[in-house]
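Asks: Contents are compact mmCIF, C-alpha atoms; file name start23.txt:
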```txt
# COMPACT_ATOMS: atom_id res chain seq x y z
CA MET B 29 -15.53 -9.90 27.37
CA ARG B 30 -17.18 -7.10 29.29
CA LYS B 31 -15.42 -8.16 32.48
CA ALA B 32 -12.07 -8.17 30.69
CA MET B 33 -12.69 -4.66 29.32
CA VAL B 34 -13.58 -3.33 32.76
CA LEU B 35 -10.46 -4.95 34.18
CA ILE B 36 -8.19 -3.43 31.51
CA ALA B 37 -9.82 -0.02 31.89
CA SER B 38 -9.37 -0.04 35.65
CA LEU B 39 -5.75 -1.16 35.29
CA PHE B 40 -5.04 1.74 32.94
CA ALA B 41 -6.86 4.15 35.21
CA ALA B 42 -4.84 2.93 38.20
CA ALA B 43 -1.62 3.28 36.24
CA ALA B 44 -2.57 6.83 35.29
CA TRP B 45 -3.23 7.72 38.94
CA ALA B 46 0.01 6.20 40.06
CA SER B 47 2.08 7.84 37.30
CA PRO B 48 5.08 9.86 38.51
CA GLU B 49 3.79 12.97 36.73
CA HIS B 50 0.60 12.85 38.69
CA GLY B 51 2.55 12.46 41.92
CA GLU B 52 4.64 15.49 41.04
CA HIS B 53 1.57 17.58 40.41
CA ALA B 54 0.14 16.56 43.75
CA ALA B 55 3.41 17.52 45.43
CA VAL B 56 3.45 20.89 43.68
CA GLU B 57 -0.09 21.57 44.77
CA GLU B 58 0.76 20.64 48.33
CA HIS B 59 3.59 23.14 48.41
CA GLY B 60 1.26 25.80 47.19
CA ALA B 61 2.97 26.49 43.88
CA PRO B 62 1.42 29.23 41.71
CA ALA B 63 -1.29 28.08 39.29
CA GLY B 64 0.72 29.24 36.27
CA GLU B 65 3.40 26.66 36.84
CA HIS B 66 0.84 23.89 37.00
CA GLY B 67 -0.66 25.10 33.75
CA ALA B 68 2.73 25.02 32.08
CA ALA B 69 3.25 21.43 33.19
CA ALA B 70 -0.13 20.45 31.73
CA GLY B 71 0.80 22.19 28.47
CA GLU B 72 3.93 20.09 28.25
CA HIS B 73 1.78 16.95 28.21
CA ASP B 74 -0.24 18.29 25.30
CA GLU B 75 2.86 18.57 23.17
CA ASN B 76 4.32 15.27 24.29
CA VAL B 77 1.45 13.09 23.09
CA PRO B 78 1.75 13.83 19.33
CA GLU B 79 5.53 13.72 19.65
CA TYR B 80 5.34 10.33 21.34
CA ILE B 81 2.98 9.00 18.66
CA ILE B 82 5.17 10.24 15.81
CA HIS B 83 8.17 8.72 17.52
CA HIS B 84 6.27 5.44 17.88
CA VAL B 85 5.15 5.14 14.25
CA SER B 86 8.24 6.52 12.53
CA ASP B 87 11.19 4.44 11.46
CA SER B 88 14.49 4.78 13.30
CA ARG B 89 17.77 3.02 13.87
CA GLU B 90 17.17 2.85 17.62
CA MET B 91 15.77 -0.38 19.01
CA GLU B 92 13.89 0.21 22.22
CA PHE B 93 11.17 -1.19 24.44
CA GLU B 94 8.55 1.46 24.94
CA VAL B 95 7.38 1.58 28.52
CA PRO B 96 3.92 3.03 29.19
CA LEU B 97 4.20 6.21 31.27
CA GLY B 98 7.97 5.93 31.41
CA LYS B 99 11.16 6.35 29.50
CA PRO B 100 11.85 3.69 26.84
CA ILE B 101 14.41 0.99 27.60
CA HIS B 102 17.15 1.41 25.04
CA LEU B 103 18.30 -1.84 23.46
CA GLY B 104 20.93 -0.35 21.20
CA THR B 105 21.44 1.30 17.85
CA LEU B 106 21.29 -0.75 14.68
CA PRO B 107 24.44 -0.73 12.55
CA SER B 108 24.73 1.80 9.76
CA TRP B 109 25.57 0.43 6.32
CA THR B 110 26.18 2.84 3.51
CA LEU B 111 27.55 2.47 0.00
CA GLY B 112 29.46 5.15 -1.83
CA ASN B 113 30.24 8.73 -0.91
CA CYS B 114 28.40 9.15 2.38
CA THR B 115 30.34 11.59 4.54
CA PRO B 116 27.81 13.76 6.37
CA LYS B 117 27.91 17.44 5.45
CA MET B 118 27.26 20.43 7.69
CA THR B 119 24.48 22.65 6.39
CA ASP B 120 22.28 25.35 7.89
CA HIS B 121 19.96 22.60 9.12
CA GLY B 122 22.68 20.65 10.92
CA GLU B 123 24.42 17.50 9.77
CA VAL B 124 22.95 16.05 6.59
CA VAL B 125 23.82 12.69 5.01
CA PRO B 126 23.91 13.04 1.20
CA GLY B 127 21.07 11.44 -0.74
CA ILE B 128 21.07 8.88 -3.53
CA THR B 129 21.49 11.62 -6.17
CA GLU B 130 24.87 12.48 -4.64
CA GLY B 131 26.08 8.91 -4.83
CA CYS B 132 25.20 7.71 -1.34
CA LEU B 133 23.12 4.58 -0.88
CA ASP B 134 21.96 4.11 2.71
CA ILE B 135 21.17 0.44 3.33
CA SER B 136 21.25 0.64 7.13
CA LEU B 137 19.08 -1.67 9.16
CA THR B 138 16.14 0.12 10.74
CA LYS B 139 13.35 -0.81 13.10
CA HIS B 140 11.03 -1.54 10.20
CA THR B 141 13.61 -3.58 8.29
CA VAL B 142 14.08 -5.72 11.38
CA MET B 143 10.29 -6.16 11.56
CA MET B 144 10.27 -7.27 7.93
CA PHE B 145 12.91 -9.88 8.69
CA VAL B 146 10.98 -11.01 11.77
CA ALA B 147 7.80 -11.30 9.67
CA ALA B 148 9.64 -13.25 6.98
CA GLY B 149 11.19 -15.55 9.60
CA LEU B 150 7.88 -16.17 11.34
CA LEU B 151 6.25 -16.83 7.98
CA LEU B 152 8.90 -19.38 7.06
CA ILE B 153 8.60 -21.12 10.43
CA THR B 154 4.79 -21.15 10.26
CA LEU B 155 4.74 -22.61 6.79
CA LEU B 156 7.46 -25.16 7.53
CA ILE B 157 5.54 -26.38 10.57
CA TRP B 158 2.15 -26.51 8.92
CA SER B 159 2.92 -27.27 5.32
CA ASN B 160 2.08 -30.74 4.15
CA SER B 161 5.49 -32.38 3.98
CA ASP B 162 4.02 -35.86 3.73
CA LYS B 163 2.68 -35.86 0.20
CA THR B 164 0.91 -39.20 0.66
CA LYS B 165 -1.57 -37.55 3.03
CA LEU B 166 -3.57 -35.03 1.06
CA VAL B 167 -5.79 -33.87 3.90
CA PRO B 168 -4.13 -31.46 6.33
CA ARG B 169 -4.32 -32.32 10.04
CA GLY B 170 -4.65 -29.84 12.87
CA THR B 171 -6.06 -26.34 13.27
CA GLY B 172 -2.97 -24.50 12.02
CA ALA B 173 -2.59 -26.55 8.86
CA ASN B 174 -6.30 -26.21 8.10
CA LEU B 175 -6.20 -22.45 8.66
CA ILE B 176 -3.22 -22.05 6.34
CA GLU B 177 -4.84 -24.25 3.72
CA MET B 178 -8.04 -22.23 3.94
CA LEU B 179 -6.13 -18.98 3.34
CA VAL B 180 -4.06 -20.45 0.51
CA LEU B 181 -7.18 -21.82 -1.20
CA PHE B 182 -8.93 -18.50 -0.71
CA VAL B 183 -6.09 -16.61 -2.40
CA ARG B 184 -5.97 -19.12 -5.26
CA ASP B 185 -9.69 -19.56 -5.92
CA GLU B 186 -11.20 -16.24 -4.88
CA LEU B 187 -8.42 -13.85 -5.77
CA ALA B 188 -6.20 -15.35 -8.46
CA ILE B 189 -8.69 -17.32 -10.54
CA LYS B 190 -11.60 -14.90 -10.23
CA ASN B 191 -9.53 -11.85 -11.11
CA ILE B 192 -7.00 -13.20 -13.58
CA GLY B 193 -8.89 -16.13 -15.10
CA LYS B 194 -8.77 -19.89 -15.02
CA GLU B 195 -5.98 -20.15 -17.57
CA GLU B 196 -3.51 -17.58 -16.29
CA GLY B 197 -4.59 -17.39 -12.63
CA PRO B 198 -2.59 -20.32 -11.23
CA ARG B 199 0.58 -18.96 -12.84
CA TYR B 200 0.46 -15.82 -10.68
CA THR B 201 -0.84 -17.52 -7.51
CA PRO B 202 2.63 -17.97 -5.92
CA TYR B 203 3.33 -14.23 -6.14
CA LEU B 204 -0.11 -13.35 -4.74
CA LEU B 205 0.31 -15.84 -1.88
CA THR B 206 3.71 -14.41 -1.01
CA ALA B 207 2.36 -10.86 -1.00
CA PHE B 208 -0.72 -11.84 1.03
CA PHE B 209 1.08 -13.72 3.79
CA PHE B 210 4.01 -11.30 4.03
CA ILE B 211 1.71 -8.28 4.37
CA LEU B 212 -0.55 -10.16 6.78
CA PHE B 213 2.38 -11.06 9.04
CA MET B 214 3.79 -7.53 8.95
CA ASN B 215 0.35 -6.08 9.77
CA LEU B 216 -0.19 -8.50 12.64
CA LEU B 217 3.30 -7.91 14.04
CA GLY B 218 2.38 -4.26 14.50
CA LEU B 219 -0.29 -5.29 16.98
CA VAL B 220 2.15 -7.19 19.20
CA PRO B 221 3.50 -5.04 22.05
CA TRP B 222 7.00 -3.62 21.41
CA MET B 223 6.85 -4.48 17.75
CA SER B 224 6.09 -2.03 14.96
CA THR B 225 4.21 -2.18 11.67
CA ALA B 226 6.59 -2.29 8.73
CA THR B 227 3.61 -1.69 6.42
CA GLY B 228 3.12 1.68 8.14
CA ASN B 229 6.27 2.80 6.31
CA ILE B 230 5.74 4.22 2.82
CA ALA B 231 9.04 2.80 1.57
CA VAL B 232 7.90 -0.74 2.41
CA THR B 233 4.49 -0.38 0.76
CA ALA B 234 6.07 1.32 -2.26
CA SER B 235 8.48 -1.59 -2.66
CA LEU B 236 5.60 -4.08 -2.43
CA ALA B 237 3.67 -2.07 -5.02
CA LEU B 238 6.80 -2.01 -7.21
CA CYS B 239 6.84 -5.82 -7.11
CA THR B 240 3.19 -5.86 -8.24
CA PHE B 241 4.03 -3.29 -10.92
CA ILE B 242 6.81 -5.47 -12.33
CA VAL B 243 4.63 -8.60 -12.26
CA THR B 244 1.82 -6.63 -13.96
CA GLN B 245 4.09 -5.42 -16.76
CA VAL B 246 5.60 -8.86 -17.25
CA ALA B 247 2.08 -10.31 -17.43
CA GLY B 248 1.18 -7.69 -20.04
CA ILE B 249 4.26 -8.43 -22.13
CA ARG B 250 3.64 -12.19 -21.86
CA ALA B 251 0.01 -11.82 -22.95
CA ALA B 252 0.38 -9.21 -25.71
CA GLY B 253 3.95 -9.82 -26.82
CA LEU B 254 6.60 -7.10 -26.60
CA GLY B 255 5.39 -5.46 -29.79
CA GLY B 256 1.78 -5.36 -28.65
CA TYR B 257 2.82 -4.05 -25.25
CA LEU B 258 4.88 -1.23 -26.76
CA LYS B 259 2.11 -0.43 -29.22
CA HIS B 260 -0.29 -0.12 -26.30
CA LEU B 261 2.01 2.52 -24.79
CA THR B 262 1.68 4.77 -27.83
CA GLY B 263 -2.09 5.04 -27.26
CA GLY B 264 -2.74 4.38 -30.94
CA VAL B 265 -2.16 7.95 -32.11
CA ALA B 266 -0.17 9.29 -35.07
CA TRP B 267 3.62 8.91 -34.71
CA TRP B 268 4.31 12.65 -34.38
CA LEU B 269 2.18 12.76 -31.24
CA TRP B 270 4.17 9.97 -29.58
CA PRO B 271 6.56 12.28 -27.66
CA ILE B 272 3.53 13.57 -25.74
CA MET B 273 1.41 10.38 -25.74
CA ILE B 274 4.08 7.97 -24.48
CA PRO B 275 4.77 9.98 -21.27
CA VAL B 276 0.99 10.14 -20.70
CA GLU B 277 0.62 6.37 -21.04
CA VAL B 278 3.73 5.69 -18.95
CA LEU B 279 2.45 7.98 -16.20
CA GLY B 280 -0.87 6.14 -16.43
CA LEU B 281 0.92 2.88 -15.65
CA PHE B 282 2.10 4.30 -12.33
CA THR B 283 -1.33 5.30 -11.02
CA LYS B 284 -2.18 1.72 -10.01
CA PRO B 285 0.94 0.96 -7.95
CA PHE B 286 0.64 4.45 -6.45
CA ALA B 287 -2.89 3.64 -5.28
CA LEU B 288 -1.64 0.35 -3.81
CA THR B 289 1.19 2.14 -1.97
CA MET B 290 -0.97 4.83 -0.44
CA ARG B 291 -3.86 2.55 0.52
CA LEU B 292 -1.82 0.10 2.56
CA PHE B 293 0.47 2.75 4.06
CA ALA B 294 -2.28 5.15 5.10
CA ASN B 295 -4.56 2.44 6.49
CA MET B 296 -1.90 0.88 8.68
CA LEU B 297 -0.50 4.22 9.85
CA ALA B 298 -3.88 5.77 10.56
CA GLY B 299 -5.04 2.82 12.66
CA HIS B 300 -2.04 3.07 14.94
CA ILE B 301 -2.29 6.84 15.26
CA VAL B 302 -6.00 6.64 16.17
CA LEU B 303 -5.25 3.97 18.77
CA PHE B 304 -2.49 5.99 20.39
CA PHE B 305 -4.44 9.24 20.29
CA LEU B 306 -7.34 7.61 22.11
CA LEU B 307 -4.94 6.58 24.86
CA GLY B 308 -3.16 9.94 24.62
CA LEU B 309 -6.47 11.71 25.33
CA ILE B 310 -6.04 10.70 28.96
CA PHE B 311 -2.85 12.75 29.13
CA ILE B 312 -4.07 15.59 26.92
CA LEU B 313 -7.21 16.11 29.01
CA GLY B 314 -5.17 15.45 32.13
CA HIS B 315 -7.73 13.45 34.06
CA PRO B 316 -7.60 9.71 34.73
CA GLY B 317 -11.40 9.55 34.49
CA VAL B 318 -11.01 9.90 30.71
CA ALA B 319 -9.49 6.41 30.75
CA ALA B 320 -12.93 4.97 31.50
CA VAL B 321 -14.02 6.08 28.03
CA SER B 322 -10.86 6.09 25.95
CA VAL B 323 -9.50 2.68 26.99
CA PRO B 324 -12.62 0.73 25.91
CA PHE B 325 -12.63 2.75 22.69
CA ALA B 326 -8.94 2.01 22.14
CA PHE B 327 -9.64 -1.67 22.80
CA ALA B 328 -12.40 -1.60 20.19
CA ILE B 329 -10.05 0.09 17.71
CA TYR B 330 -7.47 -2.57 18.51
CA LEU B 331 -9.94 -5.30 17.57
CA LEU B 332 -10.80 -3.33 14.44
CA GLU B 333 -7.07 -3.16 13.64
CA LEU B 334 -6.90 -6.92 13.93
CA PHE B 335 -9.62 -7.10 11.29
CA VAL B 336 -7.97 -4.37 9.20
CA ALA B 337 -4.69 -6.32 9.20
CA PHE B 338 -6.48 -9.12 7.33
CA VAL B 339 -8.57 -6.80 5.17
CA GLN B 340 -5.57 -4.79 3.99
CA ALA B 341 -3.61 -7.92 3.11
CA TYR B 342 -6.71 -9.11 1.23
CA VAL B 343 -7.22 -5.79 -0.54
CA PHE B 344 -3.59 -5.52 -1.62
CA THR B 345 -3.66 -9.06 -3.00
CA MET B 346 -7.06 -8.59 -4.62
CA LEU B 347 -6.03 -5.38 -6.36
CA SER B 348 -2.72 -6.92 -7.44
CA ALA B 349 -4.65 -9.82 -8.96
CA LEU B 350 -7.08 -7.39 -10.59
CA PHE B 351 -4.26 -5.35 -12.15
CA ILE B 352 -2.47 -8.48 -13.33
CA GLY B 353 -5.78 -9.69 -14.77
CA MET B 354 -6.33 -6.40 -16.59
CA SER B 355 -2.81 -6.57 -17.95
CA VAL B 356 -3.36 -10.15 -19.11
CA ALA B 357 -6.65 -9.09 -20.70
CA MET B 358 -4.78 -6.41 -22.68
CA GLY B 359 -3.44 -9.22 -24.83
CA HIS B 360 -6.92 -10.68 -25.35
CA HIS B 361 -8.86 -7.49 -26.03
CA GLY B 362 -11.20 -8.99 -28.59
CA HIS B 363 -12.50 -11.58 -26.10
CA ASP B 364 -12.99 -9.55 -22.98
CA ASP B 365 -14.10 -6.02 -23.73
CA HIS B 366 -15.61 -5.86 -27.11
CA GLY B 367 -17.50 -9.02 -27.77
CA HIS B 368 -16.59 -11.24 -30.66
CA GLU B 369 -17.54 -9.15 -33.60
CA GLY B 370 -15.30 -6.36 -34.78
CA GLY B 371 -12.58 -7.26 -32.35
CA HIS B 372 -9.93 -6.71 -34.98
CA SER B 373 -10.89 -3.23 -36.02
CA HIS B 374 -9.10 -1.42 -33.23
CA ASP B 375 -5.56 -0.30 -32.64
CA HIS B 376 -4.44 -3.23 -30.57
CA GLY B 377 -5.27 -5.62 -33.33
CA ALA B 378 -1.62 -6.55 -33.66
CA ALA B 379 -1.74 -7.98 -30.16
CA HIS B 380 -4.02 -10.79 -31.25
CA HIS B 381 -2.59 -14.20 -31.65
CA MET P 19 -16.60 -9.13 0.27
CA ALA P 20 -16.24 -7.49 -3.10
CA VAL P 21 -15.70 -10.71 -5.00
CA LYS P 22 -18.98 -12.49 -5.73
CA GLU P 23 -19.91 -15.78 -7.22
CA PRO P 24 -18.88 -16.15 -10.84
CA ARG P 25 -21.56 -15.69 -13.44
CA GLU P 26 -22.18 -17.89 -16.38
CA ASP P 27 -19.38 -18.03 -18.83
CA LYS P 28 -20.63 -15.33 -21.18
CA ASP P 29 -17.30 -14.69 -22.83
CA GLY P 30 -16.99 -18.26 -23.91
CA ASP P 31 -13.27 -18.25 -23.17
CA GLY P 32 -13.57 -20.71 -20.29
CA SER P 33 -12.74 -18.16 -17.59
CA GLU P 34 -14.53 -17.96 -14.26
CA LEU P 35 -14.04 -14.26 -13.67
CA GLY P 36 -15.50 -12.64 -10.59
CA GLU P 37 -17.98 -9.80 -10.84
CA THR P 38 -15.45 -7.15 -9.77
CA ALA P 39 -12.87 -8.31 -12.27
CA ARG P 40 -15.47 -8.36 -15.03
CA GLN P 41 -16.64 -4.84 -14.22
CA MET P 42 -13.12 -3.49 -13.89
CA ARG P 43 -12.15 -4.96 -17.23
CA ALA P 44 -15.22 -3.45 -18.84
CA ALA P 45 -14.45 -0.07 -17.25
CA GLN P 46 -10.74 -0.18 -18.03
CA PRO P 47 -10.88 1.49 -21.51
CA TYR P 48 -12.98 4.34 -20.09
CA ILE P 49 -10.65 4.82 -17.12
CA GLY P 50 -7.78 4.84 -19.61
CA ALA P 51 -9.52 7.47 -21.73
CA VAL P 52 -10.08 9.73 -18.72
CA TRP P 53 -6.46 9.27 -17.74
CA LYS P 54 -5.43 10.35 -21.26
CA LEU P 55 -7.48 13.54 -20.89
CA THR P 56 -5.93 14.56 -17.56
CA GLY P 57 -2.51 13.05 -18.26
CA GLY P 58 -2.07 15.13 -21.42
CA ALA P 59 -2.50 18.34 -19.47
CA VAL P 60 -0.29 17.14 -16.61
CA VAL P 61 2.53 16.06 -18.92
CA GLY P 62 2.29 19.32 -20.92
CA VAL P 63 2.43 21.55 -17.84
CA LEU P 64 5.19 19.60 -16.07
CA GLY P 65 7.23 19.18 -19.25
CA GLY P 66 6.90 22.87 -20.10
CA TYR P 67 7.84 23.94 -16.59
CA TRP P 68 10.89 21.68 -16.56
CA LEU P 69 12.07 22.71 -20.04
CA ASP P 70 11.60 26.38 -19.11
CA ARG P 71 13.81 25.97 -16.07
CA TRP P 72 16.38 24.05 -18.08
CA LEU P 73 16.53 26.39 -21.09
CA GLY P 74 15.68 29.60 -19.22
CA THR P 75 12.84 30.50 -21.57
CA ALA P 76 10.13 31.05 -18.92
CA PRO P 77 7.21 31.19 -19.37
CA TRP P 78 6.91 30.48 -23.12
CA LEU P 79 7.50 26.73 -23.19
CA LEU P 80 5.20 26.29 -20.17
CA VAL P 81 2.37 28.10 -21.98
CA GLY P 82 3.02 26.42 -25.31
CA LEU P 83 3.44 22.87 -24.05
CA SER P 84 0.44 23.19 -21.69
CA LEU P 85 -1.74 24.03 -24.69
CA VAL P 86 -0.24 21.20 -26.73
CA GLY P 87 -0.72 18.79 -23.80
CA ILE P 88 -4.35 19.77 -23.31
CA CYS P 89 -5.03 19.44 -27.03
CA VAL P 90 -3.34 16.02 -27.21
CA GLY P 91 -5.27 14.95 -24.10
CA PHE P 92 -8.55 15.91 -25.73
CA TYR P 93 -7.55 14.31 -29.00
CA GLY P 94 -6.64 11.04 -27.28
CA PHE P 95 -9.82 11.12 -25.19
CA LEU P 96 -12.17 11.79 -28.12
CA ARG P 97 -10.40 9.22 -30.27
CA GLU P 98 -10.72 6.59 -27.55
CA MET P 99 -14.39 7.46 -27.04
CA ALA P 100 -15.12 7.24 -30.75
CA ARG P 101 -13.37 3.87 -30.91
CA LEU P 102 -15.33 2.56 -27.91
CA GLY P 103 -18.58 3.89 -29.36
CA LYS P 104 -17.94 2.11 -32.64
CA GLN P 105 -17.41 -1.19 -30.88
CA LYS P 106 -20.65 -1.01 -28.90
```
Could the structure of this file be written out as structure tokens, please?
Replies:
Amino acid sequence: MRKAMVLIASLFAAAAWASPEHGEHAAVEEHGAPAGEHGAAAGEHDENVPEYIIHHVSDSREMEFEVPLGKPIHLGTLPSWTLGNCTPKMTDHGEVVPGITEGCLDISLTKHTVMMFVAAGLLLITLLIWSNSDKTKLVPRGTGANLIEMLVLFVRDELAIKNIGKEEGPRYTPYLLTAFFFILFMNLLGLVPWMSTATGNIAVTASLALCTFIVTQVAGIRAAGLGGYLKHLTGGVAWWLWPIMIPVEVLGLFTKPFALTMRLFANMLAGHIVLFFLLGLIFILGHPGVAAVSVPFAFAIYLLELFVAFVQAYVFTMLSALFIGMSVAMGHHGHDDHGHEGGHSHDHGAAHH
Amino acid sequence: MAVKEPREDKDGDGSELGETARQMRAAQPYIGAVWKLTGGAVVGVLGGYWLDRWLGTAPWLLVGLSLVGICVGFYGFLREMARLGKQK
């Protein structure tokens, strides 16, 4: 491991020495250019690093291979698909495509959408290869099949059953498994060169959280009945306070999916930014010797990211299961929170079966 | 990680809940009560601000609805706390 790290570090250092920018600087110095010009060139690097990182982590319709220390190889622009009234308008800030409030729905493919499709495709292929198609053999054979079975059993036993309960847990296991493997594959794809992390896009994590939100509400309605669910939303106060209390309770419902959205998004985005900034330090400080420190650090962060990819998939699934479990428990208040005596005295009494 | 071995089945409902789930479920009514306290104020202020802009009555609805929101938040919070205290 140590040998490999030294090798990678020296490769990066060599690449930094041999970079065209460095050559230019050497040439400028040879010709005796004034120091000011050199300083300006160094300043340009400082600005380029954050710009490059933002470009790398943000979504776009351009597909390109990023080349270290060079210009990206352009593969083409993804097609633009829009529905409704979408003619771009000229404003003070340049050309602006109208938003969804003005009747324009932009469903164009983007880099992150493509990554989601790739993740879904890889997931399907993986599961088709390693799923147990021969039902007569109950024991999976091979490393891959065993690994998948281990993860599936973990999600079912440790996440679904322990957070939702023995009775209702298995019912929600398929959703939790889907969420777990999809997020895991998207997270891992971000660590493959030239790919990007779809979970580093807030729209993707918000959509995933929306799915959990819907499942949570459906679980609540199933457990408490529609009447009990609606009664829960009124907070058990007098009817004339409902206009204020119902918005409060409805807003309260959205705090959980919001937490899910931000956690996954920020964790995946931050990891990539830290990684790139560590490598960018070489260019910001302008000396290849920095590579000796920042490349091993970046490698360590990369390994950490590998771990984080699993942890974030786990955390998202665990919290989803927890929220579903809490929603299911809403229908069984008397059993879970309050012990067995006096369970009927409270406002949600109607929810009992 | 956070999920530990299940305890004995105290609830008697046959579930094998993990420690985290058990604690979260126990904490849920209190989290809900705190949310009611802050949410009342938030809804009052935002609702008042929005109505003021819509009806052009600034700043009266903002002031009035903020007070109502805070009062309702407190009312909901205290009510929830009293209910939880009674059940203990």
Asks: My list of candidates is B:Met290, B:Val220, B:Ala349, B:Val246. Which is closest to chain P when distances are computed with only C-alpha atoms?
Replies: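 Comparing B:Met290, B:Val220, B:Ala349, B:Val246 against chain P, the winner is B:Ala349.
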Asks: Can you work out which residues from chain B touch chain P at a cut-off of 6 Å (counting all atoms listed in the file) and hand them back as number ranges by chain?
Replies: B: 190-191, 193-194, 276, 365
Asks: Between CA of Met296 (chain B) and CA of Gly228 (chain B), what is the distance in Å, rounded to a tenth?
Replies: 5.1 Å
Asks: Skipping near chain neighbours, those fewer than 6 positions away, what residues fall within 10 Å of Ile242 (chain B) using all atoms listed in the file, listed as a count of residues only?
Replies: 3
Asks: Take CA of His315 (chain B) and CA of Val302 (chain B) and report the distance between them in Å, one decimal.
Replies: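 So the answer is 19.2 Å.
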Asks: Which residues, written as a CSV table (one decimal) with C-alpha atoms, keeping the file's coordinate frame, have at least one atom at most 10 Å from Gly308 (chain B), with all atoms listed in the file counted and residues fewer than 6 positions away on the same chain left out?
Replies:
```csv
chain,number,residue,atom,x,y,z
B,73,HIS,CA,1.8,17.0,28.2
B,74,ASP,CA,-0.2,18.3,25.3
B,76,ASN,CA,4.3,15.3,24.3
B,77,VAL,CA,1.4,13.1,23.1
B,78,PRO,CA,1.8,13.8,19.3
B,80,TYR,CA,5.3,10.3,21.3
B,81,ILE,CA,3.0,9.0,18.7
B,301,ILE,CA,-2.3,6.8,15.3
B,302,VAL,CA,-6.0,6.6,16.2
B,314,GLY,CA,-5.2,15.4,32.1
B,318,VAL,CA,-11.0,9.9,30.7
B,319,ALA,CA,-9.5,6.4,30.8
B,322,SER,CA,-10.9,6.1,26.0
B,323,VAL,CA,-9.5,2.7,27.0
```
Asks: When you look at Pro77 (chain P) with a cut-off of 10 Å (counting only C-alpha atoms), what residues show up, excluding the ones that are within fewer than 5 positions of it in the same chain? I need them as an MDAnalysis selection string.
Replies: chainID P and resid 66:67 69:71 82
